[in-house]
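Right, one structure below, let's go through it.
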Amino acid sequence: DENLPEKDLYLLPSLTGAQSFSRRFWLKLLERVKAGATLYVSLDDCILSAFKEVFGLEIQTRERRSDALTIRMTALAGAPVFNTTAAFRLNLAPLNAEILGTEPDGNPAFTCTEYGKGRVYLLTASLEMNLCNVPGVFHADKAQPFWDIYRYIAAPALKQRVLMKDSGQVGITEHPLNAQQRIAVLINYSPAVVKVPIKLAAGWRIGEILRGAKPDGTLLLPPNDAAVWMLAK
């Protein structure tokens, strides 16, 4: 609890049980959000204290689900419909929350509310836990683009990136060495070759190639492989 790092974005996926973490941790995290951080929470069967104040929603009823959960993500490009599961249904009345996705009957399922200088996103499904238990969910032909949810909530943080791509199969981490240099690690998480256009922030270029082939505006990666590049101004 004492070592909660100061970050712009915090993720609490698939919270389960009555003691997912201590109250002290929760209150400290909320202070970080009040100061300007963004928080994402997805729920399994956890109920958090100060729910109404934090999420801008009031729980009307809570009941076990007997069927799948369908969410139309109205805030995402193209308003995709995602199919997943959830142990419980929260019947929610919005107070000051922005509704970003709903169940077929209009019940809020993906929301955002301002909290101090920051924002809190809520997803009423244990999405991450479900994904861990479904074979091929990330790379099958009809895989749902769940990663668009993360791209949406992380948009402000992604603006600080030097290297950009538009693929859920490729992960990129950037490791600053100084103000003019970064090391980028690009990983193909899929069992197939990926070919993905890449973009660099203004004023930056790809320097030394530490692993992989030199790109020509397009990243080409073998299955389950990686590339490592130096980025420089």
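Ordered as shown in the structure tokens, chains take letters A, B, and onward, while each chain numbers its residues from 1 and ligands are numbered from 1 in the order shown.
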Gln180 of chain A environment, 12 Å, only C-alpha atoms, sequence neighbours closer than 2 positions dropped, as JSON, numbers by chain: {"A": [162, 175, 176, 177, 178, 182, 183, 203, 204, 205, 206, 207, 230, 231, 232, 233]}
Mind listing the strand (DSSP E) residues of chain A, per DSSP on the backbone, as a PDB file with N, CA and C atoms, in the first residue's frame?
```pdb
ATOM      1  N   LEU A   9      -2.282   6.580 -15.267  1.00  0.00           N
ATOM      2  CA  LEU A   9      -3.342   5.612 -15.537  1.00  0.00           C
ATOM      3  C   LEU A   9      -3.191   4.407 -14.617  1.00  0.00           C
ATOM      4  N   TYR A  10      -4.288   4.034 -13.956  1.00  0.00           N
ATOM      5  CA  TYR A  10      -4.313   2.858 -13.092  1.00  0.00           C
ATOM      6  C   TYR A  10      -5.380   1.889 -13.596  1.00  0.00           C
ATOM      7  N   LEU A  11      -5.063   0.588 -13.582  1.00  0.00           N
ATOM      8  CA  LEU A  11      -5.987  -0.448 -14.044  1.00  0.00           C
ATOM      9  C   LEU A  11      -6.272  -1.425 -12.907  1.00  0.00           C
ATOM     10  N   LEU A  12      -7.551  -1.624 -12.606  1.00  0.00           N
ATOM     11  CA  LEU A  12      -7.978  -2.619 -11.622  1.00  0.00           C
ATOM     12  C   LEU A  12      -8.926  -3.589 -12.325  1.00  0.00           C
ATOM     13  N   PRO A  13      -8.396  -4.635 -12.950  1.00  0.00           N
ATOM     14  CA  PRO A  13      -9.242  -5.537 -13.751  1.00  0.00           C
ATOM     15  C   PRO A  13      -9.872  -6.664 -12.945  1.00  0.00           C
ATOM     16  N   SER A  14     -11.125  -6.968 -13.268  1.00  0.00           N
ATOM     17  CA  SER A  14     -11.835  -8.155 -12.762  1.00  0.00           C
ATOM     18  C   SER A  14     -11.748  -8.296 -11.241  1.00  0.00           C
ATOM     19  N   LEU A  15     -12.160  -7.263 -10.538  1.00  0.00           N
ATOM     20  CA  LEU A  15     -12.089  -7.286  -9.076  1.00  0.00           C
ATOM     21  C   LEU A  15     -13.048  -8.331  -8.515  1.00  0.00           C
ATOM     22  N   THR A  38      -6.198   8.779 -14.174  1.00  0.00           N
ATOM     23  CA  THR A  38      -7.341   8.038 -14.708  1.00  0.00           C
ATOM     24  C   THR A  38      -7.350   6.641 -14.099  1.00  0.00           C
ATOM     25  N   LEU A  39      -8.535   6.164 -13.713  1.00  0.00           N
ATOM     26  CA  LEU A  39      -8.685   4.839 -13.121  1.00  0.00           C
ATOM     27  C   LEU A  39      -9.689   4.022 -13.925  1.00  0.00           C
ATOM     28  N   TYR A  40      -9.323   2.789 -14.236  1.00  0.00           N
ATOM     29  CA  TYR A  40     -10.229   1.837 -14.893  1.00  0.00           C
ATOM     30  C   TYR A  40     -10.507   0.690 -13.939  1.00  0.00           C
ATOM     31  N   VAL A  41     -11.782   0.369 -13.763  1.00  0.00           N
ATOM     32  CA  VAL A  41     -12.199  -0.732 -12.897  1.00  0.00           C
ATOM     33  C   VAL A  41     -13.153  -1.632 -13.667  1.00  0.00           C
ATOM     34  N   SER A  42     -12.901  -2.946 -13.650  1.00  0.00           N
ATOM     35  CA  SER A  42     -13.897  -3.905 -14.137  1.00  0.00           C
ATOM     36  C   SER A  42     -14.231  -4.841 -12.982  1.00  0.00           C
ATOM     37  N   LEU A  43     -15.497  -5.242 -12.916  1.00  0.00           N
ATOM     38  CA  LEU A  43     -15.989  -5.964 -11.747  1.00  0.00           C
ATOM     39  C   LEU A  43     -16.328  -7.412 -12.055  1.00  0.00           C
ATOM     40  N   LEU A  57     -22.878   6.520 -10.086  1.00  0.00           N
ATOM     41  CA  LEU A  57     -23.981   5.592 -10.366  1.00  0.00           C
ATOM     42  C   LEU A  57     -24.562   5.099  -9.046  1.00  0.00           C
ATOM     43  N   GLU A  58     -25.843   4.816  -9.051  1.00  0.00           N
ATOM     44  CA  GLU A  58     -26.476   4.259  -7.856  1.00  0.00           C
ATOM     45  C   GLU A  58     -26.981   2.857  -8.172  1.00  0.00           C
ATOM     46  N   ILE A  59     -26.593   1.891  -7.341  1.00  0.00           N
ATOM     47  CA  ILE A  59     -27.029   0.511  -7.537  1.00  0.00           C
ATOM     48  C   ILE A  59     -28.475   0.369  -7.069  1.00  0.00           C
ATOM     49  N   GLN A  60     -29.351  -0.016  -7.986  1.00  0.00           N
ATOM     50  CA  GLN A  60     -30.754  -0.244  -7.646  1.00  0.00           C
ATOM     51  C   GLN A  60     -30.957  -1.668  -7.132  1.00  0.00           C
ATOM     52  N   THR A  61     -30.444  -2.637  -7.871  1.00  0.00           N
ATOM     53  CA  THR A  61     -30.485  -4.038  -7.446  1.00  0.00           C
ATOM     54  C   THR A  61     -29.227  -4.737  -7.941  1.00  0.00           C
ATOM     55  N   ARG A  62     -28.910  -5.863  -7.307  1.00  0.00           N
ATOM     56  CA  ARG A  62     -27.769  -6.694  -7.700  1.00  0.00           C
ATOM     57  C   ARG A  62     -28.252  -8.136  -7.720  1.00  0.00           C
ATOM     58  N   GLU A  63     -28.107  -8.796  -8.852  1.00  0.00           N
ATOM     59  CA  GLU A  63     -28.641 -10.153  -8.980  1.00  0.00           C
ATOM     60  C   GLU A  63     -27.726 -11.018  -9.828  1.00  0.00           C
ATOM     61  N   ARG A  64     -27.739 -12.319  -9.560  1.00  0.00           N
ATOM     62  CA  ARG A  64     -26.915 -13.239 -10.351  1.00  0.00           C
ATOM     63  C   ARG A  64     -27.438 -13.325 -11.777  1.00  0.00           C
ATOM     64  N   LEU A  69     -23.653 -11.682 -21.284  1.00  0.00           N
ATOM     65  CA  LEU A  69     -23.767 -10.226 -21.236  1.00  0.00           C
ATOM     66  C   LEU A  69     -23.408  -9.651 -22.602  1.00  0.00           C
ATOM     67  N   THR A  70     -24.297  -8.860 -23.151  1.00  0.00           N
ATOM     68  CA  THR A  70     -24.068  -8.175 -24.420  1.00  0.00           C
ATOM     69  C   THR A  70     -24.004  -6.675 -24.158  1.00  0.00           C
ATOM     70  N   ILE A  71     -22.941  -6.039 -24.650  1.00  0.00           N
ATOM     71  CA  ILE A  71     -22.753  -4.606 -24.430  1.00  0.00           C
ATOM     72  C   ILE A  71     -22.530  -3.914 -25.768  1.00  0.00           C
ATOM     73  N   ARG A  72     -23.335  -2.906 -26.046  1.00  0.00           N
ATOM     74  CA  ARG A  72     -23.079  -2.053 -27.209  1.00  0.00           C
ATOM     75  C   ARG A  72     -22.238  -0.874 -26.734  1.00  0.00           C
ATOM     76  N   VAL A  81     -20.548  -4.226 -30.780  1.00  0.00           N
ATOM     77  CA  VAL A  81     -21.275  -5.002 -29.777  1.00  0.00           C
ATOM     78  C   VAL A  81     -20.354  -6.112 -29.281  1.00  0.00           C
ATOM     79  N   PHE A  82     -20.107  -6.142 -27.983  1.00  0.00           N
ATOM     80  CA  PHE A  82     -19.239  -7.147 -27.384  1.00  0.00           C
ATOM     81  C   PHE A  82     -20.078  -8.162 -26.615  1.00  0.00           C
ATOM     82  N   ASN A  83     -19.704  -9.415 -26.758  1.00  0.00           N
ATOM     83  CA  ASN A  83     -20.367 -10.494 -26.028  1.00  0.00           C
ATOM     84  C   ASN A  83     -19.394 -11.083 -25.019  1.00  0.00           C
ATOM     85  N   THR A  84     -19.802 -11.100 -23.763  1.00  0.00           N
ATOM     86  CA  THR A  84     -18.950 -11.620 -22.708  1.00  0.00           C
ATOM     87  C   THR A  84     -19.842 -12.219 -21.624  1.00  0.00           C
ATOM     88  N   PHE A  88     -22.659 -11.240 -12.011  1.00  0.00           N
ATOM     89  CA  PHE A  88     -23.781 -10.489 -11.475  1.00  0.00           C
ATOM     90  C   PHE A  88     -24.206  -9.390 -12.434  1.00  0.00           C
ATOM     91  N   ARG A  89     -25.464  -9.035 -12.340  1.00  0.00           N
ATOM     92  CA  ARG A  89     -25.984  -7.865 -13.049  1.00  0.00           C
ATOM     93  C   ARG A  89     -26.227  -6.777 -12.013  1.00  0.00           C
ATOM     94  N   LEU A  90     -25.655  -5.606 -12.252  1.00  0.00           N
ATOM     95  CA  LEU A  90     -25.941  -4.428 -11.446  1.00  0.00           C
ATOM     96  C   LEU A  90     -26.934  -3.573 -12.213  1.00  0.00           C
ATOM     97  N   ASN A  91     -28.113  -3.400 -11.658  1.00  0.00           N
ATOM     98  CA  ASN A  91     -29.078  -2.482 -12.256  1.00  0.00           C
ATOM     99  C   ASN A  91     -28.748  -1.088 -11.742  1.00  0.00           C
ATOM    100  N   LEU A  92     -28.310  -0.225 -12.645  1.00  0.00           N
ATOM    101  CA  LEU A  92     -27.705   1.044 -12.258  1.00  0.00           C
ATOM    102  C   LEU A  92     -28.533   2.237 -12.702  1.00  0.00           C
ATOM    103  N   ALA A  93     -28.590   3.227 -11.820  1.00  0.00           N
ATOM    104  CA  ALA A  93     -29.217   4.507 -12.152  1.00  0.00           C
ATOM    105  C   ALA A  93     -28.111   5.548 -12.252  1.00  0.00           C
ATOM    106  N   PRO A  94     -27.911   6.148 -13.423  1.00  0.00           N
ATOM    107  CA  PRO A  94     -26.844   7.142 -13.563  1.00  0.00           C
ATOM    108  C   PRO A  94     -27.167   8.421 -12.806  1.00  0.00           C
ATOM    109  N   GLU A  98     -21.144   9.465 -17.295  1.00  0.00           N
ATOM    110  CA  GLU A  98     -21.365   9.433 -18.742  1.00  0.00           C
ATOM    111  C   GLU A  98     -21.502   7.972 -19.164  1.00  0.00           C
ATOM    112  N   ILE A  99     -22.542   7.655 -19.910  1.00  0.00           N
ATOM    113  CA  ILE A  99     -22.787   6.274 -20.328  1.00  0.00           C
ATOM    114  C   ILE A  99     -22.067   6.018 -21.649  1.00  0.00           C
ATOM    115  N   LEU A 100     -21.128   5.081 -21.631  1.00  0.00           N
ATOM    116  CA  LEU A 100     -20.310   4.767 -22.803  1.00  0.00           C
ATOM    117  C   LEU A 100     -20.708   3.453 -23.468  1.00  0.00           C
ATOM    118  N   GLY A 101     -21.436   2.617 -22.740  1.00  0.00           N
ATOM    119  CA  GLY A 101     -21.884   1.337 -23.277  1.00  0.00           C
ATOM    120  C   GLY A 101     -23.052   0.821 -22.469  1.00  0.00           C
ATOM    121  N   THR A 102     -23.988   0.143 -23.131  1.00  0.00           N
ATOM    122  CA  THR A 102     -25.196  -0.316 -22.447  1.00  0.00           C
ATOM    123  C   THR A 102     -25.545  -1.751 -22.817  1.00  0.00           C
ATOM    124  N   PRO A 108     -26.759   0.691 -17.905  1.00  0.00           N
ATOM    125  CA  PRO A 108     -25.355   1.063 -18.100  1.00  0.00           C
ATOM    126  C   PRO A 108     -24.413  -0.103 -17.817  1.00  0.00           C
ATOM    127  N   ALA A 109     -23.431  -0.285 -18.697  1.00  0.00           N
ATOM    128  CA  ALA A 109     -22.448  -1.355 -18.514  1.00  0.00           C
ATOM    129  C   ALA A 109     -21.016  -0.841 -18.602  1.00  0.00           C
ATOM    130  N   PHE A 110     -20.808   0.280 -19.283  1.00  0.00           N
ATOM    131  CA  PHE A 110     -19.487   0.906 -19.402  1.00  0.00           C
ATOM    132  C   PHE A 110     -19.696   2.399 -19.224  1.00  0.00           C
ATOM    133  N   THR A 111     -19.048   2.977 -18.211  1.00  0.00           N
ATOM    134  CA  THR A 111     -19.324   4.369 -17.860  1.00  0.00           C
ATOM    135  C   THR A 111     -18.046   5.118 -17.515  1.00  0.00           C
ATOM    136  N   CYS A 112     -18.170   6.424 -17.438  1.00  0.00           N
ATOM    137  CA  CYS A 112     -17.058   7.280 -17.032  1.00  0.00           C
ATOM    138  C   CYS A 112     -17.609   8.438 -16.214  1.00  0.00           C
ATOM    139  N   THR A 113     -16.908   8.797 -15.177  1.00  0.00           N
ATOM    140  CA  THR A 113     -17.295   9.961 -14.387  1.00  0.00           C
ATOM    141  C   THR A 113     -16.053  10.739 -13.985  1.00  0.00           C
ATOM    142  N   GLU A 114     -16.205  12.044 -13.857  1.00  0.00           N
ATOM    143  CA  GLU A 114     -15.114  12.879 -13.370  1.00  0.00           C
ATOM    144  C   GLU A 114     -15.037  12.746 -11.855  1.00  0.00           C
ATOM    145  N   TYR A 115     -13.814  12.635 -11.359  1.00  0.00           N
ATOM    146  CA  TYR A 115     -13.593  12.503  -9.919  1.00  0.00           C
ATOM    147  C   TYR A 115     -12.445  13.427  -9.561  1.00  0.00           C
ATOM    148  N   GLY A 118      -9.486  14.005 -12.010  1.00  0.00           N
ATOM    149  CA  GLY A 118      -9.287  12.791 -12.794  1.00  0.00           C
ATOM    150  C   GLY A 118     -10.582  12.193 -13.300  1.00  0.00           C
ATOM    151  N   ARG A 119     -10.474  10.957 -13.797  1.00  0.00           N
ATOM    152  CA  ARG A 119     -11.627  10.243 -14.349  1.00  0.00           C
ATOM    153  C   ARG A 119     -11.625   8.803 -13.863  1.00  0.00           C
ATOM    154  N   VAL A 120     -12.838   8.257 -13.724  1.00  0.00           N
ATOM    155  CA  VAL A 120     -12.989   6.861 -13.324  1.00  0.00           C
ATOM    156  C   VAL A 120     -13.867   6.149 -14.347  1.00  0.00           C
ATOM    157  N   TYR A 121     -13.333   5.084 -14.940  1.00  0.00           N
ATOM    158  CA  TYR A 121     -14.088   4.250 -15.879  1.00  0.00           C
ATOM    159  C   TYR A 121     -14.533   2.977 -15.162  1.00  0.00           C
ATOM    160  N   LEU A 122     -15.762   2.550 -15.437  1.00  0.00           N
ATOM    161  CA  LEU A 122     -16.291   1.324 -14.851  1.00  0.00           C
ATOM    162  C   LEU A 122     -16.843   0.420 -15.942  1.00  0.00           C
ATOM    163  N   LEU A 123     -16.452  -0.854 -15.892  1.00  0.00           N
ATOM    164  CA  LEU A 123     -17.016  -1.891 -16.754  1.00  0.00           C
ATOM    165  C   LEU A 123     -17.623  -2.950 -15.846  1.00  0.00           C
ATOM    166  N   LEU A 163       6.002   6.018 -30.687  1.00  0.00           N
ATOM    167  CA  LEU A 163       5.696   5.034 -31.726  1.00  0.00           C
ATOM    168  C   LEU A 163       4.234   4.609 -31.617  1.00  0.00           C
ATOM    169  N   MET A 164       3.525   4.648 -32.741  1.00  0.00           N
ATOM    170  CA  MET A 164       2.095   4.338 -32.730  1.00  0.00           C
ATOM    171  C   MET A 164       1.756   3.277 -33.777  1.00  0.00           C
ATOM    172  N   LYS A 165       0.768   2.440 -33.444  1.00  0.00           N
ATOM    173  CA  LYS A 165       0.298   1.386 -34.351  1.00  0.00           C
ATOM    174  C   LYS A 165      -1.194   1.195 -34.125  1.00  0.00           C
ATOM    175  N   VAL A 170      -0.222  -6.546 -31.638  1.00  0.00           N
ATOM    176  CA  VAL A 170       1.140  -6.069 -31.384  1.00  0.00           C
ATOM    177  C   VAL A 170       1.153  -5.186 -30.143  1.00  0.00           C
ATOM    178  N   GLY A 171       2.050  -5.506 -29.231  1.00  0.00           N
ATOM    179  CA  GLY A 171       2.243  -4.677 -28.048  1.00  0.00           C
ATOM    180  C   GLY A 171       3.543  -3.905 -28.155  1.00  0.00           C
ATOM    181  N   ILE A 172       3.534  -2.659 -27.691  1.00  0.00           N
ATOM    182  CA  ILE A 172       4.732  -1.820 -27.737  1.00  0.00           C
ATOM    183  C   ILE A 172       4.976  -1.221 -26.357  1.00  0.00           C
ATOM    184  N   THR A 173       6.205  -1.328 -25.887  1.00  0.00           N
ATOM    185  CA  THR A 173       6.615  -0.599 -24.685  1.00  0.00           C
ATOM    186  C   THR A 173       7.777   0.309 -25.056  1.00  0.00           C
ATOM    187  N   GLU A 174       7.798   1.496 -24.464  1.00  0.00           N
ATOM    188  CA  GLU A 174       8.867   2.459 -24.714  1.00  0.00           C
ATOM    189  C   GLU A 174       9.616   2.725 -23.415  1.00  0.00           C
ATOM    190  N   HIS A 175      10.936   2.723 -23.506  1.00  0.00           N
ATOM    191  CA  HIS A 175      11.785   2.852 -22.327  1.00  0.00           C
ATOM    192  C   HIS A 175      12.735   4.035 -22.527  1.00  0.00           C
ATOM    193  N   PRO A 176      12.394   5.219 -21.972  1.00  0.00           N
ATOM    194  CA  PRO A 176      13.227   6.413 -22.173  1.00  0.00           C
ATOM    195  C   PRO A 176      14.620   6.249 -21.564  1.00  0.00           C
ATOM    196  N   LEU A 177      15.626   6.600 -22.343  1.00  0.00           N
ATOM    197  CA  LEU A 177      16.999   6.661 -21.852  1.00  0.00           C
ATOM    198  C   LEU A 177      17.337   8.076 -21.426  1.00  0.00           C
ATOM    199  N   ASN A 178      16.846   9.031 -22.198  1.00  0.00           N
ATOM    200  CA  ASN A 178      16.980  10.458 -21.901  1.00  0.00           C
ATOM    201  C   ASN A 178      15.929  11.182 -22.741  1.00  0.00           C
ATOM    202  N   GLN A 181      16.335   9.971 -26.534  1.00  0.00           N
ATOM    203  CA  GLN A 181      16.459   8.568 -26.930  1.00  0.00           C
ATOM    204  C   GLN A 181      15.514   7.661 -26.139  1.00  0.00           C
ATOM    205  N   ARG A 182      14.964   6.684 -26.839  1.00  0.00           N
ATOM    206  CA  ARG A 182      14.136   5.663 -26.207  1.00  0.00           C
ATOM    207  C   ARG A 182      14.414   4.316 -26.855  1.00  0.00           C
ATOM    208  N   ILE A 183      14.223   3.264 -26.089  1.00  0.00           N
ATOM    209  CA  ILE A 183      14.243   1.915 -26.642  1.00  0.00           C
ATOM    210  C   ILE A 183      12.800   1.435 -26.751  1.00  0.00           C
ATOM    211  N   ALA A 184      12.410   0.970 -27.934  1.00  0.00           N
ATOM    212  CA  ALA A 184      11.062   0.447 -28.155  1.00  0.00           C
ATOM    213  C   ALA A 184      11.129  -1.068 -28.319  1.00  0.00           C
ATOM    214  N   VAL A 185      10.283  -1.770 -27.590  1.00  0.00           N
ATOM    215  CA  VAL A 185      10.157  -3.221 -27.707  1.00  0.00           C
ATOM    216  C   VAL A 185       8.786  -3.516 -28.308  1.00  0.00           C
ATOM    217  N   LEU A 186       8.769  -4.199 -29.448  1.00  0.00           N
ATOM    218  CA  LEU A 186       7.530  -4.509 -30.165  1.00  0.00           C
ATOM    219  C   LEU A 186       7.350  -6.023 -30.187  1.00  0.00           C
ATOM    220  N   ILE A 187       6.206  -6.495 -29.704  1.00  0.00           N
ATOM    221  CA  ILE A 187       5.970  -7.929 -29.561  1.00  0.00           C
ATOM    222  C   ILE A 187       4.733  -8.348 -30.349  1.00  0.00           C
ATOM    223  N   ASN A 188       4.901  -9.385 -31.151  1.00  0.00           N
ATOM    224  CA  ASN A 188       3.769 -10.000 -31.848  1.00  0.00           C
ATOM    225  C   ASN A 188       3.210 -11.101 -30.944  1.00  0.00           C
ATOM    226  N   VAL A 194       2.494 -10.824 -38.591  1.00  0.00           N
ATOM    227  CA  VAL A 194       1.724  -9.581 -38.610  1.00  0.00           C
ATOM    228  C   VAL A 194       2.456  -8.542 -39.455  1.00  0.00           C
ATOM    229  N   LYS A 195       1.682  -7.762 -40.180  1.00  0.00           N
ATOM    230  CA  LYS A 195       2.203  -6.660 -40.976  1.00  0.00           C
ATOM    231  C   LYS A 195       1.360  -5.444 -40.639  1.00  0.00           C
ATOM    232  N   VAL A 196       1.973  -4.489 -39.942  1.00  0.00           N
ATOM    233  CA  VAL A 196       1.219  -3.383 -39.357  1.00  0.00           C
ATOM    234  C   VAL A 196       1.892  -2.054 -39.692  1.00  0.00           C
ATOM    235  N   PRO A 197       1.144  -1.082 -40.225  1.00  0.00           N
ATOM    236  CA  PRO A 197       1.706   0.259 -40.428  1.00  0.00           C
ATOM    237  C   PRO A 197       2.065   0.886 -39.083  1.00  0.00           C
ATOM    238  N   ILE A 198       3.155   1.627 -39.067  1.00  0.00           N
ATOM    239  CA  ILE A 198       3.579   2.312 -37.846  1.00  0.00           C
ATOM    240  C   ILE A 198       3.786   3.791 -38.135  1.00  0.00           C
ATOM    241  N   LYS A 199       3.620   4.599 -37.098  1.00  0.00           N
ATOM    242  CA  LYS A 199       3.818   6.040 -37.216  1.00  0.00           C
ATOM    243  C   LYS A 199       4.713   6.515 -36.081  1.00  0.00           C
ATOM    244  N   LEU A 200       5.517   7.529 -36.398  1.00  0.00           N
ATOM    245  CA  LEU A 200       6.390   8.134 -35.398  1.00  0.00           C
ATOM    246  C   LEU A 200       5.911   9.538 -35.081  1.00  0.00           C
ATOM    247  N   ARG A 205      12.794   9.587 -35.072  1.00  0.00           N
ATOM    248  CA  ARG A 205      13.162   8.655 -36.138  1.00  0.00           C
ATOM    249  C   ARG A 205      13.584   7.329 -35.514  1.00  0.00           C
ATOM    250  N   ILE A 206      13.593   6.282 -36.331  1.00  0.00           N
ATOM    251  CA  ILE A 206      14.087   4.981 -35.890  1.00  0.00           C
ATOM    252  C   ILE A 206      15.586   4.939 -36.113  1.00  0.00           C
ATOM    253  N   GLY A 207      16.333   4.673 -35.043  1.00  0.00           N
ATOM    254  CA  GLY A 207      17.787   4.626 -35.131  1.00  0.00           C
ATOM    255  C   GLY A 207      18.293   3.204 -35.293  1.00  0.00           C
ATOM    256  N   GLU A 208      19.147   2.789 -34.391  1.00  0.00           N
ATOM    257  CA  GLU A 208      19.743   1.452 -34.470  1.00  0.00           C
ATOM    258  C   GLU A 208      18.686   0.365 -34.259  1.00  0.00           C
ATOM    259  N   ILE A 209      18.769  -0.678 -35.068  1.00  0.00           N
ATOM    260  CA  ILE A 209      17.892  -1.842 -34.926  1.00  0.00           C
ATOM    261  C   ILE A 209      18.624  -2.878 -34.078  1.00  0.00           C
ATOM    262  N   LEU A 210      18.131  -3.124 -32.881  1.00  0.00           N
ATOM    263  CA  LEU A 210      18.779  -4.055 -31.967  1.00  0.00           C
ATOM    264  C   LEU A 210      18.295  -5.488 -32.165  1.00  0.00           C
ATOM    265  N   ARG A 211      17.102  -5.629 -32.718  1.00  0.00           N
ATOM    266  CA  ARG A 211      16.562  -6.951 -33.040  1.00  0.00           C
ATOM    267  C   ARG A 211      15.497  -6.779 -34.108  1.00  0.00           C
ATOM    268  N   THR A 218       6.350   0.049 -42.265  1.00  0.00           N
ATOM    269  CA  THR A 218       5.493  -1.074 -41.884  1.00  0.00           C
ATOM    270  C   THR A 218       6.282  -2.040 -41.011  1.00  0.00           C
ATOM    271  N   LEU A 219       5.670  -2.477 -39.927  1.00  0.00           N
ATOM    272  CA  LEU A 219       6.275  -3.471 -39.054  1.00  0.00           C
ATOM    273  C   LEU A 219       5.903  -4.864 -39.550  1.00  0.00           C
ATOM    274  N   LEU A 220       6.914  -5.705 -39.760  1.00  0.00           N
ATOM    275  CA  LEU A 220       6.699  -7.096 -40.161  1.00  0.00           C
ATOM    276  C   LEU A 220       7.331  -7.986 -39.103  1.00  0.00           C
ATOM    277  N   LEU A 221       6.499  -8.765 -38.402  1.00  0.00           N
ATOM    278  CA  LEU A 221       7.004  -9.602 -37.321  1.00  0.00           C
ATOM    279  C   LEU A 221       6.547 -11.044 -37.496  1.00  0.00           C
ATOM    280  N   ALA A 226       9.610 -10.756 -31.627  1.00  0.00           N
ATOM    281  CA  ALA A 226       9.730  -9.377 -31.160  1.00  0.00           C
ATOM    282  C   ALA A 226      10.788  -8.623 -31.942  1.00  0.00           C
ATOM    283  N   ALA A 227      10.689  -7.304 -31.893  1.00  0.00           N
ATOM    284  CA  ALA A 227      11.696  -6.409 -32.458  1.00  0.00           C
ATOM    285  C   ALA A 227      12.079  -5.398 -31.385  1.00  0.00           C
ATOM    286  N   VAL A 228      13.325  -4.940 -31.446  1.00  0.00           N
ATOM    287  CA  VAL A 228      13.805  -3.934 -30.495  1.00  0.00           C
ATOM    288  C   VAL A 228      14.498  -2.835 -31.283  1.00  0.00           C
ATOM    289  N   TRP A 229      14.016  -1.599 -31.118  1.00  0.00           N
ATOM    290  CA  TRP A 229      14.548  -0.469 -31.874  1.00  0.00           C
ATOM    291  C   TRP A 229      14.999   0.645 -30.940  1.00  0.00           C
ATOM    292  N   MET A 230      15.988   1.378 -31.407  1.00  0.00           N
ATOM    293  CA  MET A 230      16.345   2.649 -30.773  1.00  0.00           C
ATOM    294  C   MET A 230      15.551   3.753 -31.466  1.00  0.00           C
ATOM    295  N   LEU A 231      14.918   4.614 -30.697  1.00  0.00           N
ATOM    296  CA  LEU A 231      14.218   5.777 -31.227  1.00  0.00           C
ATOM    297  C   LEU A 231      14.981   7.020 -30.808  1.00  0.00           C
ATOM    298  N   ALA A 232      15.145   7.956 -31.736  1.00  0.00           N
ATOM    299  CA  ALA A 232      15.957   9.132 -31.440  1.00  0.00           C
ATOM    300  C   ALA A 232      15.362  10.380 -32.075  1.00  0.00           C
TER     301      ALA A 232
END
```
Among the residues A:Tyr150, A:Thr85, A:Arg32, A:Ser66, the one that comes closest to Val134 of chain A [using only C-alpha atoms]: A:Thr85
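Scanning segment 26-93 of chain A with DSSP on the backbone, the alpha helix (DSSP H) assignments fall on Trp26, Leu27, Lys28, Leu29, Leu30, Glu31, Arg32, Val33, Lys34, Phe51, Lys52, Glu53, Val54 and Phe55 of chain A.
Atom to atom, atom CA of Asn133 of chain A and atom CA of Ala86 of chain A stand 13.1 Å apart.
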